[in-house]
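K.L.:
One structure coming up, written as structure tokens, with questions to follow.
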Number of protein chains: 6
Amino acid sequence: MPIVHISRRERFSASHRLSRPDWTQERNLQVFGKCSNPNGHGHNYELWVTVKGAQDPETSFVTDLSALSRIIKEHVIDHVDHKNIDLDVSFMKGRYSSTENLAIAVWEQLEEPVKALGCALHCVKVQETENNYVEYHGA
Amino acid sequence: MPIVHISRRERFSASHRLSRPDWTQERNLQVFGKCSNPNGHGHNYELWVTVKGAQDPETSFVTDLSALSRIIKEHVIDHVDHKNIDLDVSFMKGRYSSTENLAIAVWEQLEEPVKALGCALHCVKVQETENNYVEYHGA
Amino acid sequence: MPIVHISRRERFSASHRLSRPDWTQERNLQVFGKCSNPNGHGHNYELWVTVKGAQDPETSFVTDLSALSRIIKEHVIDHVDHKNIDLDVSFMKGRYSSTENLAIAVWEQLEEPVKALGCALHCVKVQETENNYVEYHGA
Amino acid sequence: MPIVHISRRERFSASHRLSRPDWTQERNLQVFGKCSNPNGHGHNYELWVTVKGAQDPETSFVTDLSALSRIIKEHVIDHVDHKNIDLDVSFMKGRYSSTENLAIAVWEQLEEPVKALGCALHCVKVQETENNYVEYHGA
Amino acid sequence: MPIVHISRRERFSASHRLSRPDWTQERNLQVFGKCSNPNGHGHNYELWVTVKGAQDPETSFVTDLSALSRIIKEHVIDHVDHKNIDLDVSFMKGRYSSTENLAIAVWEQLEEPVKALGCALHCVKVQETENNYVEYHGA
Amino acid sequence: MPIVHISRRERFSASHRLSRPDWTQERNLQVFGKCSNPNGHGHNYELWVTVKGAQDPETSFVTDLSALSRIIKEHVIDHVDHKNIDLDVSFMKGRYSSTENLAIAVWEQLEEPVKALGCALHCVKVQETENNYVEYHGA
């Protein structure tokens with residue numbers, strides 16, 4: 001059975017701040033620069049979720065895209081859209097809101113629900129600006 | 001010899017409808033939703049074809065991009081651009097026009113002609129909307 | 001009071017065909033070319049609606065963007081998305097589905113509802129492909 | 001002398017929150033919805049500044065683009081990039097951080113410096129997401 | 001009769017250099033900076049041509065887009081694509097290759113041919129990079 | 001330790017010409033077509049650099065993006081931006097300026113500096129136009 005990859009984009013607008021609470025603001029500024037502005041800043045994040053699998057013999061789908069979209073919204077977007085990632089997002093508690101940590105946390109949120117759809121999570125891509133993005137393929 | 005990947009985009013505008021003729025319209029609507037509208041709908045599809053190979057010692061090319069473009073047009077775009085995928089496209093006969101099936105059919109159309117160019121087909125990516133795409137890397 | 005313009009994008013995927021029923025298919029092909037393929041073709045249309053007005057003294061908004069989005073969806077998108085423009089869209093009845101006619105029809109659909117929001121319709125832009133769009137500013 | 005328009009894009013990432021301090025949080029939520037999340041949210045804003053004028057007879061420029069870019073950075077971007085618009089931006093003090101108010105404030109910041117370049121400010125466009133933007137042409 | 005605007009994009013890749021032959025290279029560098037590199041540099045230019053007019057009563061078109069595209073290619077693109085604007089382009093002879101001059105020259109190339117199509121040239125927009133563009137509406 | 005990929009985009013505008021000095025201009029035109037125009041042409045190139053590695057336990061970063069950006073600018077962009085690739089770029093000496101050769105040369109420029117940042121170079125992607133790009137993953 002041929003394996004096919006399918007990718008879905010969802011977007012969210014959120015604020016955050018890079019800062020370690022156990023560091024002085026001086027050291028935070030030295031390491032994180034403008035990203036540690038005490039009152040925060042924000043982004044329009046683009047999230048691309050790629051899943052892979054064989055085709056369903058009845059529908060020829062790897063997965064129903066509207067079901068995949070629903071899962072991403074329920075487990076990720078509803079938690080982060082129009083939120084402060086550091087203060088409002090339970091699945092980011094205890095992690096700095098770096099794009100790396102965000103991609104790993106999104107993977108953890110989606111791995112099981114995607115499995116329940118009958119396919120496998122392949123890649124989580126988080127694009128923070130038009131100039132940079134992070135990809136995570138699981139541990 | 002280093003292996004290099006090179007990708008070419010071609011575009012086509014086509015109509016289609018997701019529907020199994022052996023199902024009732026009721027069941028088609030239940031499974032395929034608005035995509036099974038009896039009179040169809042359509043998209044501006046973007047097709048990215050990625051080939052790989054060693055460089056030609058004379059030109060330093062993996063392949064001549066204008067030859068690759070010509071092949072994609074001859075074997076794919078001329079068949080699907082400004083067409084109805086379900087009714088007009090011979091290489092889609094007997095398959096539902098899901099993006100998954102479209103990517104696999106494009107692969108089958110291109111595998112041999114790309115080989116004849118002296119390189120190997122690596123990936124066919126079909127982007128249906130700005131929010132979703134399918135990738136196929138062969139069986 | 002300063003006048004501000006605000007623009008909202010909504011998207012729809014639809015099929016259509018350029019063809020006059022009072023012409024032979026031969027003449028349709030001569031005038032409309034590949035756009036008159038008997039089984040149709042389709043596009044991902046982008047619709048940009050621009051309204052203008054003074055700011056609301058309480059909210060500083062020209063108009064509430066979510067209300068504007070709702071109106072566009074109710075009066076336009078719900079009628080055309082995943083539809084055949086020629087066969088399924090009541091507000092296009094009796095007109096060829098050229099992008100020009102589509103922009104004018106969208107203007108007629110939105111002029112009154114936008115007025116009811118307390119501002120004025122300024123421009124309807126319909127982008128059919130990445131290479132062409134039509135703008136209409138009213139009669 | 002022919003009049004030419006020239007436009008320059010600069011970008012900034014900022015956080016903000018729509019909320020009137022003289023309203024209850026209940027009313028803010030009712031009017032501003034998710035945009036009034038108490039801990040804020042954020043965007044990658046795109047700012048397009050359009051100036052117009054006759055060509056300089058020596059350089060054929062309406063204005064030197066690097067000078068225009070420098071002015072936008074000095075008077076706008078350095079104040080808002082990686083900042084909280086509500087708390088950190090002096091030129092937004094006393095205004096809600098709606099996109100309308102942001103566009104008007106940017107106009108006020110740039111009108112005189114652009115005049116000093118020998119041309120005239122024509123339009124300030126602030127794009128908040130891929131789906132909406134505001135334009136201001138002056139009072 | 002309602003007036004409608006229709007816009008068409010064509011692209012070209014060209015090299016150029018900002019430099020006045022009657023200035024020393026020192027002064028050229030001072031005024032034009034890196035844009036006066038003696039061996040030149042280049043861009044992927046995007047050209048948007050906007051025409052306006054009433055609709056043809058038979059076709060509902062302002063103008064046939066394929067005819068408009070053909071005119072732009074014949075009078076502009078074929079002259080500049082994969083060329084050196086300073087050395088190869090007859091319609092730029094005697095002008096520095098600033099984006100302002102390019103937009104004006106394109107206007108002059110297209111004004112009559114567009115008239116011959118039965119509509120009027122409204123705007124020539126030349127986008128040099130993702131961060132800047134020039135618009136010209138005629139003298 | 002989970003491995004994460006992080007990608008950074010930088011852009012440059014350059015001119016070039018495809019031509020072998022040991023071939024006649026006739027043969028160059030036959031093989032390279034319009035790309036061998038004697039006076040050259042140019043592009044806005046987009047360079048995407050992808051690195052991979054484990055997260056730094058202190059910052060959670062794979063690598064500091066501003067350091068990665070600095071390295072790309074120092075070792076690549078400063079050499080090619082607003083330059084003629086064939087005549088001005090020392091790291092391209094002795095190679096035709098095909099996109100394939102450009103991607104390989106950028107890899108060679110960046111492999112060691114990226115290692116010095118504590119991570120590994122994964123992919124160099126050079127996009128020449130909106131329709132084609134080359135990727136290189138090392139020998």
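Residues are named by chain letter and number: chains run A, B, ... in the order of the structure tokens, numbers start at 1 in each chain, and ligands are numbered from 1 in the order shown.
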Could you list, as a PDB file with N, CA and C atoms, in the first residue's frame, the residues of chain D having an atom within 12 Å of chain E when counting only C-alpha atoms?

P.N.:
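Contents of iface21.pdb, as written:
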ATOM      1  N   MET D   1       5.460  67.789 -14.519  1.00  0.00           N
ATOM      2  CA  MET D   1       6.279  66.695 -13.970  1.00  0.00           C
ATOM      3  C   MET D   1       5.377  65.529 -13.542  1.00  0.00           C
ATOM      4  N   PRO D   2       5.651  64.332 -14.012  1.00  0.00           N
ATOM      5  CA  PRO D   2       4.807  63.197 -13.625  1.00  0.00           C
ATOM      6  C   PRO D   2       4.949  62.881 -12.127  1.00  0.00           C
ATOM      7  N   ILE D   3       3.832  62.515 -11.520  1.00  0.00           N
ATOM      8  CA  ILE D   3       3.808  62.128 -10.101  1.00  0.00           C
ATOM      9  C   ILE D   3       3.901  60.607 -10.015  1.00  0.00           C
ATOM     10  N   VAL D   4       4.786  60.133  -9.164  1.00  0.00           N
ATOM     11  CA  VAL D   4       4.996  58.697  -9.000  1.00  0.00           C
ATOM     12  C   VAL D   4       4.763  58.348  -7.533  1.00  0.00           C
ATOM     13  N   HIS D   5       4.182  57.160  -7.294  1.00  0.00           N
ATOM     14  CA  HIS D   5       4.000  56.660  -5.924  1.00  0.00           C
ATOM     15  C   HIS D   5       5.033  55.573  -5.664  1.00  0.00           C
ATOM     16  N   ILE D   6       5.603  55.601  -4.484  1.00  0.00           N
ATOM     17  CA  ILE D   6       6.548  54.542  -4.122  1.00  0.00           C
ATOM     18  C   ILE D   6       6.209  54.038  -2.726  1.00  0.00           C
ATOM     19  N   SER D   7       6.272  52.703  -2.561  1.00  0.00           N
ATOM     20  CA  SER D   7       5.813  52.077  -1.322  1.00  0.00           C
ATOM     21  C   SER D   7       6.915  51.221  -0.718  1.00  0.00           C
ATOM     22  N   ARG D   8       6.995  51.260   0.582  1.00  0.00           N
ATOM     23  CA  ARG D   8       8.020  50.520   1.312  1.00  0.00           C
ATOM     24  C   ARG D   8       7.363  49.707   2.425  1.00  0.00           C
ATOM     25  N   ARG D   9       7.741  48.442   2.537  1.00  0.00           N
ATOM     26  CA  ARG D   9       7.229  47.603   3.611  1.00  0.00           C
ATOM     27  C   ARG D   9       8.244  47.472   4.737  1.00  0.00           C
ATOM     28  N   GLU D  10       7.789  47.621   5.977  1.00  0.00           N
ATOM     29  CA  GLU D  10       8.570  47.250   7.155  1.00  0.00           C
ATOM     30  C   GLU D  10       7.656  46.391   8.023  1.00  0.00           C
ATOM     31  N   ARG D  11       8.244  45.545   8.834  1.00  0.00           N
ATOM     32  CA  ARG D  11       7.447  44.620   9.637  1.00  0.00           C
ATOM     33  C   ARG D  11       7.744  44.788  11.129  1.00  0.00           C
ATOM     34  N   GLU D  46       2.405  43.920   9.235  1.00  0.00           N
ATOM     35  CA  GLU D  46       3.117  44.445   8.076  1.00  0.00           C
ATOM     36  C   GLU D  46       2.678  45.880   7.856  1.00  0.00           C
ATOM     37  N   LEU D  47       3.635  46.766   7.751  1.00  0.00           N
ATOM     38  CA  LEU D  47       3.352  48.182   7.534  1.00  0.00           C
ATOM     39  C   LEU D  47       3.833  48.563   6.140  1.00  0.00           C
ATOM     40  N   TRP D  48       2.898  49.037   5.289  1.00  0.00           N
ATOM     41  CA  TRP D  48       3.255  49.561   3.972  1.00  0.00           C
ATOM     42  C   TRP D  48       3.073  51.074   4.001  1.00  0.00           C
ATOM     43  N   VAL D  49       4.119  51.802   3.706  1.00  0.00           N
ATOM     44  CA  VAL D  49       4.068  53.261   3.665  1.00  0.00           C
ATOM     45  C   VAL D  49       4.220  53.694   2.215  1.00  0.00           C
ATOM     46  N   THR D  50       3.223  54.450   1.706  1.00  0.00           N
ATOM     47  CA  THR D  50       3.271  54.940   0.326  1.00  0.00           C
ATOM     48  C   THR D  50       3.471  56.451   0.329  1.00  0.00           C
ATOM     49  N   VAL D  51       4.492  56.901  -0.404  1.00  0.00           N
ATOM     50  CA  VAL D  51       4.726  58.336  -0.562  1.00  0.00           C
ATOM     51  C   VAL D  51       4.594  58.680  -2.048  1.00  0.00           C
ATOM     52  N   LYS D  52       4.361  59.956  -2.332  1.00  0.00           N
ATOM     53  CA  LYS D  52       4.239  60.371  -3.731  1.00  0.00           C
ATOM     54  C   LYS D  52       5.001  61.666  -3.954  1.00  0.00           C
ATOM     55  N   GLY D  53       5.365  61.889  -5.203  1.00  0.00           N
ATOM     56  CA  GLY D  53       6.070  63.118  -5.520  1.00  0.00           C
ATOM     57  C   GLY D  53       6.582  63.077  -6.945  1.00  0.00           C
ATOM     58  N   ALA D  54       7.214  64.158  -7.335  1.00  0.00           N
ATOM     59  CA  ALA D  54       7.876  64.220  -8.631  1.00  0.00           C
ATOM     60  C   ALA D  54       9.257  63.587  -8.484  1.00  0.00           C
ATOM     61  N   GLN D  55       9.858  63.244  -9.606  1.00  0.00           N
ATOM     62  CA  GLN D  55      11.188  62.633  -9.557  1.00  0.00           C
ATOM     63  C   GLN D  55      12.265  63.699  -9.330  1.00  0.00           C
ATOM     64  N   ASP D  56      13.258  63.347  -8.546  1.00  0.00           N
ATOM     65  CA  ASP D  56      14.437  64.193  -8.405  1.00  0.00           C
ATOM     66  C   ASP D  56      15.162  64.210  -9.754  1.00  0.00           C
ATOM     67  N   PRO D  57      15.462  65.393 -10.295  1.00  0.00           N
ATOM     68  CA  PRO D  57      16.064  65.424 -11.639  1.00  0.00           C
ATOM     69  C   PRO D  57      17.450  64.772 -11.694  1.00  0.00           C
ATOM     70  N   GLU D  58      18.146  64.722 -10.574  1.00  0.00           N
ATOM     71  CA  GLU D  58      19.494  64.122 -10.579  1.00  0.00           C
ATOM     72  C   GLU D  58      19.461  62.602 -10.471  1.00  0.00           C
ATOM     73  N   THR D  59      18.601  62.078  -9.576  1.00  0.00           N
ATOM     74  CA  THR D  59      18.636  60.635  -9.308  1.00  0.00           C
ATOM     75  C   THR D  59      17.478  59.885  -9.965  1.00  0.00           C
ATOM     76  N   SER D  60      16.461  60.605 -10.395  1.00  0.00           N
ATOM     77  CA  SER D  60      15.216  60.029 -10.934  1.00  0.00           C
ATOM     78  C   SER D  60      14.380  59.367  -9.840  1.00  0.00           C
ATOM     79  N   PHE D  61      14.803  59.492  -8.578  1.00  0.00           N
ATOM     80  CA  PHE D  61      14.043  58.935  -7.457  1.00  0.00           C
ATOM     81  C   PHE D  61      12.929  59.893  -7.019  1.00  0.00           C
ATOM     82  N   VAL D  62      11.798  59.358  -6.595  1.00  0.00           N
ATOM     83  CA  VAL D  62      10.842  60.155  -5.825  1.00  0.00           C
ATOM     84  C   VAL D  62      11.442  60.428  -4.461  1.00  0.00           C
ATOM     85  N   THR D  63      12.023  59.398  -3.907  1.00  0.00           N
ATOM     86  CA  THR D  63      12.764  59.544  -2.664  1.00  0.00           C
ATOM     87  C   THR D  63      13.725  58.372  -2.574  1.00  0.00           C
ATOM     88  N   ASP D  64      14.792  58.577  -1.862  1.00  0.00           N
ATOM     89  CA  ASP D  64      15.760  57.512  -1.631  1.00  0.00           C
ATOM     90  C   ASP D  64      15.123  56.480  -0.707  1.00  0.00           C
ATOM     91  N   LEU D  65      14.952  55.244  -1.211  1.00  0.00           N
ATOM     92  CA  LEU D  65      14.265  54.213  -0.427  1.00  0.00           C
ATOM     93  C   LEU D  65      14.981  53.901   0.882  1.00  0.00           C
ATOM     94  N   SER D  66      16.303  54.005   0.907  1.00  0.00           N
ATOM     95  CA  SER D  66      16.973  53.681   2.163  1.00  0.00           C
ATOM     96  C   SER D  66      16.729  54.790   3.187  1.00  0.00           C
ATOM     97  N   ALA D  67      16.574  56.030   2.725  1.00  0.00           N
ATOM     98  CA  ALA D  67      16.213  57.107   3.658  1.00  0.00           C
ATOM     99  C   ALA D  67      14.791  56.912   4.169  1.00  0.00           C
ATOM    100  N   LEU D  68      13.883  56.523   3.268  1.00  0.00           N
ATOM    101  CA  LEU D  68      12.496  56.277   3.681  1.00  0.00           C
ATOM    102  C   LEU D  68      12.445  55.135   4.699  1.00  0.00           C
ATOM    103  N   SER D  69      13.187  54.082   4.432  1.00  0.00           N
ATOM    104  CA  SER D  69      13.230  52.949   5.352  1.00  0.00           C
ATOM    105  C   SER D  69      13.768  53.382   6.723  1.00  0.00           C
TER     106      SER D  69
END

K.L.:
Mind the document's chain letters and residue numbers, and return as a VMD selection string the residues of range 49-98 of chain C that DSSP labels alpha helix (DSSP H).

P.N.:
chain C and resid 65 to 72 78 to 80 85 to 88

K.L.:
Considering only C-alpha atoms, return as a ChimeraX atom specification whatever protein or nucleic-acid residues lie within 9 Å of Ser13 in chain E, sequence-local ones (same chain, fewer than 4 positions apart) excluded.

P.N.:
/E:42-46,80-83 /F:41-44,129

K.L.:
Keeping only all heavy atoms, take the residues you just selected and write them out as an mmCIF file, in the first residue's frame.

P.N.:
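Writing done, so here's again_20.cif:
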data_model
loop_
_atom_site.group_PDB
_atom_site.id
_atom_site.type_symbol
_atom_site.label_atom_id
_atom_site.label_comp_id
_atom_site.auth_asym_id
_atom_site.auth_seq_id
_atom_site.Cartn_x
_atom_site.Cartn_y
_atom_site.Cartn_z
ATOM 1 N N GLY E 42 20.677 42.133 -9.706
ATOM 2 C CA GLY E 42 19.463 41.826 -10.452
ATOM 3 C C GLY E 42 18.267 41.551 -9.562
ATOM 4 O O GLY E 42 18.388 41.516 -8.334
ATOM 5 N N HIS E 43 17.124 41.368 -10.189
ATOM 6 C CA HIS E 43 15.874 41.158 -9.462
ATOM 7 C C HIS E 43 14.937 40.252 -10.257
ATOM 8 O O HIS E 43 15.029 40.159 -11.479
ATOM 9 C CB HIS E 43 15.144 42.492 -9.226
ATOM 10 C CG HIS E 43 15.909 43.487 -8.415
ATOM 11 N ND1 HIS E 43 16.113 43.331 -7.073
ATOM 12 C CD2 HIS E 43 16.514 44.655 -8.746
ATOM 13 C CE1 HIS E 43 16.824 44.360 -6.617
ATOM 14 N NE2 HIS E 43 17.081 45.171 -7.611
ATOM 15 N N ASN E 44 13.996 39.622 -9.527
ATOM 16 C CA ASN E 44 12.785 39.091 -10.137
ATOM 17 C C ASN E 44 11.736 40.188 -10.023
ATOM 18 O O ASN E 44 11.201 40.434 -8.942
ATOM 19 C CB ASN E 44 12.285 37.846 -9.388
ATOM 20 C CG ASN E 44 13.281 36.711 -9.404
ATOM 21 O OD1 ASN E 44 14.020 36.514 -10.365
ATOM 22 N ND2 ASN E 44 13.322 35.951 -8.313
ATOM 23 N N TYR E 45 11.479 40.872 -11.076
ATOM 24 C CA TYR E 45 10.489 41.949 -11.064
ATOM 25 C C TYR E 45 9.091 41.378 -11.267
ATOM 26 O O TYR E 45 8.903 40.467 -12.079
ATOM 27 C CB TYR E 45 10.766 42.942 -12.191
ATOM 28 C CG TYR E 45 12.014 43.776 -12.044
ATOM 29 C CD1 TYR E 45 13.238 43.348 -12.543
ATOM 30 C CD2 TYR E 45 11.966 45.011 -11.413
ATOM 31 C CE1 TYR E 45 14.384 44.121 -12.421
ATOM 32 C CE2 TYR E 45 13.102 45.806 -11.289
ATOM 33 C CZ TYR E 45 14.306 45.343 -11.800
ATOM 34 O OH TYR E 45 15.433 46.110 -11.680
ATOM 35 N N GLU E 46 8.131 41.949 -10.536
ATOM 36 C CA GLU E 46 6.717 41.650 -10.812
ATOM 37 C C GLU E 46 6.083 42.911 -11.378
ATOM 38 O O GLU E 46 6.164 43.983 -10.791
ATOM 39 C CB GLU E 46 5.971 41.250 -9.554
ATOM 40 C CG GLU E 46 6.494 39.954 -8.954
ATOM 41 C CD GLU E 46 5.508 39.328 -7.987
ATOM 42 O OE1 GLU E 46 4.321 39.701 -8.001
ATOM 43 O OE2 GLU E 46 5.938 38.481 -7.209
ATOM 44 N N VAL E 80 12.660 42.808 -21.708
ATOM 45 C CA VAL E 80 13.408 42.915 -20.444
ATOM 46 C C VAL E 80 13.711 41.578 -19.775
ATOM 47 O O VAL E 80 14.624 41.495 -18.949
ATOM 48 C CB VAL E 80 12.661 43.823 -19.429
ATOM 49 C CG1 VAL E 80 12.663 45.272 -19.903
ATOM 50 C CG2 VAL E 80 11.237 43.331 -19.181
ATOM 51 N N ASP E 81 12.972 40.523 -20.096
ATOM 52 C CA ASP E 81 13.157 39.263 -19.374
ATOM 53 C C ASP E 81 14.482 38.613 -19.734
ATOM 54 O O ASP E 81 14.795 38.418 -20.911
ATOM 55 C CB ASP E 81 12.015 38.290 -19.678
ATOM 56 C CG ASP E 81 12.111 37.058 -18.790
ATOM 57 O OD1 ASP E 81 12.537 37.188 -17.624
ATOM 58 O OD2 ASP E 81 11.779 35.959 -19.273
ATOM 59 N N HIS E 82 15.240 38.252 -18.688
ATOM 60 C CA HIS E 82 16.564 37.662 -18.866
ATOM 61 C C HIS E 82 17.468 38.590 -19.681
ATOM 62 O O HIS E 82 18.252 38.134 -20.523
ATOM 63 C CB HIS E 82 16.474 36.261 -19.469
ATOM 64 C CG HIS E 82 16.060 35.243 -18.439
ATOM 65 N ND1 HIS E 82 14.766 35.127 -17.996
ATOM 66 C CD2 HIS E 82 16.768 34.314 -17.731
ATOM 67 C CE1 HIS E 82 14.691 34.173 -17.088
ATOM 68 N NE2 HIS E 82 15.891 33.664 -16.898
ATOM 69 N N LYS E 83 17.354 39.884 -19.372
ATOM 70 C CA LYS E 83 18.169 40.911 -20.014
ATOM 71 C C LYS E 83 18.849 41.779 -18.958
ATOM 72 O O LYS E 83 18.504 41.746 -17.774
ATOM 73 C CB LYS E 83 17.275 41.825 -20.885
ATOM 74 C CG LYS E 83 16.509 41.133 -21.983
ATOM 75 C CD LYS E 83 17.411 40.661 -23.122
ATOM 76 C CE LYS E 83 16.556 40.072 -24.245
ATOM 77 N NZ LYS E 83 17.355 39.383 -25.244
ATOM 78 N N HIS F 41 21.497 38.600 -16.571
ATOM 79 C CA HIS F 41 20.160 38.908 -16.058
ATOM 80 C C HIS F 41 20.272 38.780 -14.529
ATOM 81 O O HIS F 41 21.381 38.783 -14.005
ATOM 82 C CB HIS F 41 19.114 37.952 -16.653
ATOM 83 C CG HIS F 41 19.305 36.527 -16.263
ATOM 84 N ND1 HIS F 41 20.295 35.718 -16.792
ATOM 85 C CD2 HIS F 41 18.661 35.750 -15.359
ATOM 86 C CE1 HIS F 41 20.233 34.513 -16.252
ATOM 87 N NE2 HIS F 41 19.255 34.518 -15.381
ATOM 88 N N GLY F 42 19.158 38.699 -13.799
ATOM 89 C CA GLY F 42 19.293 38.629 -12.343
ATOM 90 C C GLY F 42 18.057 38.114 -11.649
ATOM 91 O O GLY F 42 17.028 37.862 -12.290
ATOM 92 N N HIS F 43 18.172 37.939 -10.346
ATOM 93 C CA HIS F 43 17.077 37.382 -9.550
ATOM 94 C C HIS F 43 17.084 37.975 -8.136
ATOM 95 O O HIS F 43 18.119 38.433 -7.643
ATOM 96 C CB HIS F 43 17.228 35.858 -9.414
ATOM 97 C CG HIS F 43 17.207 35.108 -10.705
ATOM 98 N ND1 HIS F 43 16.066 34.952 -11.447
ATOM 99 C CD2 HIS F 43 18.183 34.482 -11.401
ATOM 100 C CE1 HIS F 43 16.334 34.249 -12.540
ATOM 101 N NE2 HIS F 43 17.619 33.964 -12.541
ATOM 102 N N ASN F 44 15.913 37.919 -7.491
ATOM 103 C CA ASN F 44 15.837 38.013 -6.034
ATOM 104 C C ASN F 44 15.901 36.584 -5.510
ATOM 105 O O ASN F 44 14.914 35.850 -5.604
ATOM 106 C CB ASN F 44 14.511 38.646 -5.586
ATOM 107 C CG ASN F 44 14.327 40.058 -6.094
ATOM 108 O OD1 ASN F 44 15.281 40.814 -6.225
ATOM 109 N ND2 ASN F 44 13.085 40.432 -6.376
ATOM 110 N N THR F 129 13.335 31.569 -8.439
ATOM 111 C CA THR F 129 12.100 32.255 -8.811
ATOM 112 C C THR F 129 10.967 31.580 -8.038
ATOM 113 O O THR F 129 11.185 30.555 -7.381
ATOM 114 C CB THR F 129 11.781 32.150 -10.323
ATOM 115 O OG1 THR F 129 11.298 30.825 -10.608
ATOM 116 C CG2 THR F 129 13.002 32.436 -11.170
#
